[in-house]
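Note sheet for the following structure.
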Amino acid sequence: MDDITPEVTRDIYGMPAFVTLAVADLDRAVDWYVNGLDFISLFTMPGPDGVPALVHLRRWRYQDILVRKGVAPVGGEWTTSFMATAEQLDTIAERARIHGGGVVDGPSETPWNTRDLRLTDPDGYTIVYTARRPAGERDERFNAMMEREARRQLSD
């Protein structure tokens, strides 16, 4: 993950994975993701009445969200995660706090050597930006434990 070149692309490609969010207010949701969370609006598809029915949002390659008007699911926790770089997390957190409309938690350290920023949008969907902790800030005991476990699994 240290060799990540974060860039937004407007390329059209077959998306191997993406999420679709049903939201109460399409404009509000798009505003939250674009102005608060660093996504771009790739395109908007109008419905039969000419009003936007679906918006395709993108952050980096293969970080795509389709947003459509509908009823957000109720109950239970719904979360998706996107990779980020550690240097981006504070800026995204500040943008989201300033923009308002959702909940910002973090960034905070995890026991598995990542720094995570947890954001809940106005419809209750949770997005986590997860970044590898920078060198010198990682728990080397955790790394050693993971290496031992990987060797054990390979030998089984």
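Scheme for the structure tokens: letters A, B, ... for chains in order shown; per-chain residue numbers from 1; ligand numbers from 1 in order shown.
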
For the interface of region 7-105 of chain A with region 125-135 of chain A (cut-off 7 Å, counting only C-alpha atoms), please tabulate each contacting residue of region 7-105 of chain A alongside its nearest pair of atoms and their separation in Å to one decimal, rows sorted by chain and increasing number, as JSON lines.
{"residue": "A:Trp78", "atom": "CA", "partner": "A:Tyr125", "partner_atom": "CA", "distance": 5.8}
{"residue": "A:Thr79", "atom": "CA", "partner": "A:Thr126", "partner_atom": "CA", "distance": 4.6}
{"residue": "A:Thr80", "atom": "CA", "partner": "A:Ile127", "partner_atom": "CA", "distance": 5.2}
{"residue": "A:Ser81", "atom": "CA", "partner": "A:Val128", "partner_atom": "CA", "distance": 4.5}
{"residue": "A:Phe82", "atom": "CA", "partner": "A:Tyr129", "partner_atom": "CA", "distance": 4.9}
{"residue": "A:Met83", "atom": "CA", "partner": "A:Thr130", "partner_atom": "CA", "distance": 5.1}
{"residue": "A:Ala84", "atom": "CA", "partner": "A:Ala131", "partner_atom": "CA", "distance": 5.0}
{"residue": "A:Thr85", "atom": "CA", "partner": "A:Ala131", "partner_atom": "CA", "distance": 5.0}
{"residue": "A:Ala86", "atom": "CA", "partner": "A:Ala131", "partner_atom": "CA", "distance": 5.1}

Next on the checklist: Just want the 8 Å neighbourhood of Val71 (chain A), counted on only C-alpha atoms, with same-chain residues fewer than 6 positions away dropped. Output as a list in words.
Outcome noted: Ala22, Val23 and Ala24 of chain A

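Surrounding region 94-101 of chain A within 8 Å are Trp32, Asn35, Gly36, Leu37, Asp90, Thr91, Val104, Asp121 and Pro122 of chain A, with only C-alpha atoms counted and residues fewer than 3 positions along the same chain left out.
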
Item to check | chain A: residues DSSP assigns to alpha helix (DSSP H), reported as a PyMOL selection string | outcome: chain A and resi 26-31+86-99+140-155

Take the selection from the previous step and output its residues with C-alpha atoms, as a short mmCIF file (atom, residue, chain, number, x, y, z; two decimals), in the first residue's frame.
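Done, and the output landed in again.cif:
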data_model
loop_
_atom_site.label_atom_id
_atom_site.label_comp_id
_atom_site.auth_asym_id
_atom_site.auth_seq_id
_atom_site.Cartn_x
_atom_site.Cartn_y
_atom_site.Cartn_z
CA LEU A 26 -30.18 12.76 -3.96
CA ASP A 27 -28.80 16.32 -4.04
CA ARG A 28 -27.89 16.23 -0.34
CA ALA A 29 -26.14 12.85 -0.68
CA VAL A 30 -24.14 13.92 -3.74
CA ASP A 31 -23.18 17.15 -1.97
CA ALA A 86 -2.48 8.37 5.98
CA GLU A 87 -1.65 11.92 4.88
CA GLN A 88 -5.19 12.44 3.51
CA LEU A 89 -7.20 11.47 6.56
CA ASP A 90 -6.95 14.68 8.60
CA THR A 91 -7.85 16.82 5.57
CA ILE A 92 -10.87 14.68 4.67
CA ALA A 93 -12.02 14.67 8.31
CA GLU A 94 -11.78 18.45 8.48
CA ARG A 95 -13.63 18.91 5.16
CA ALA A 96 -16.41 16.60 6.34
CA ARG A 97 -16.69 18.42 9.69
CA ILE A 98 -16.85 21.81 8.00
CA HIS A 99 -19.31 20.58 5.41
CA GLU A 140 5.98 -4.26 15.03
CA ARG A 141 4.63 -6.96 17.40
CA PHE A 142 1.47 -7.10 15.29
CA ASN A 143 3.52 -7.35 12.08
CA ALA A 144 5.58 -10.20 13.56
CA MET A 145 2.43 -12.03 14.70
CA MET A 146 0.91 -11.73 11.20
CA GLU A 147 4.11 -13.04 9.59
CA ARG A 148 4.14 -16.03 11.98
CA GLU A 149 0.48 -16.74 11.23
CA ALA A 150 1.08 -16.53 7.47
CA ARG A 151 3.98 -19.00 7.75
CA ARG A 152 1.85 -21.32 9.88
CA GLN A 153 -0.99 -21.28 7.35
CA LEU A 154 1.42 -21.98 4.48
CA SER A 155 2.86 -24.98 6.32
#

Checklist entry - If you count only C-alpha atoms, which residues fall within 8 Å of Arg59 (chain A), apart from same-chain ones fewer than 5 positions away, as number ranges by chain? => result A: 7-8, 38-40, 64

Checklist entry - Quick one: DSSP strand (DSSP E or B) residues in chain A, as a ChimeraX atom specification? => result /A:19-23,40-46,52-58,64-69,79-83,103-109,114-120,126-132

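Shortest separation to Arg68 (chain A) among A:Arg118, A:Leu21, A:Val34, A:Tyr13 occurs at residue A:Leu21, atoms counted being only C-alpha atoms.
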
Checklist entry - When distances are computed from only C-alpha atoms, which of A:Met15, A:Gly102, A:Glu137, A:Arg58 shows the smallest separation from Thr114 (chain A)? => result A:Glu137
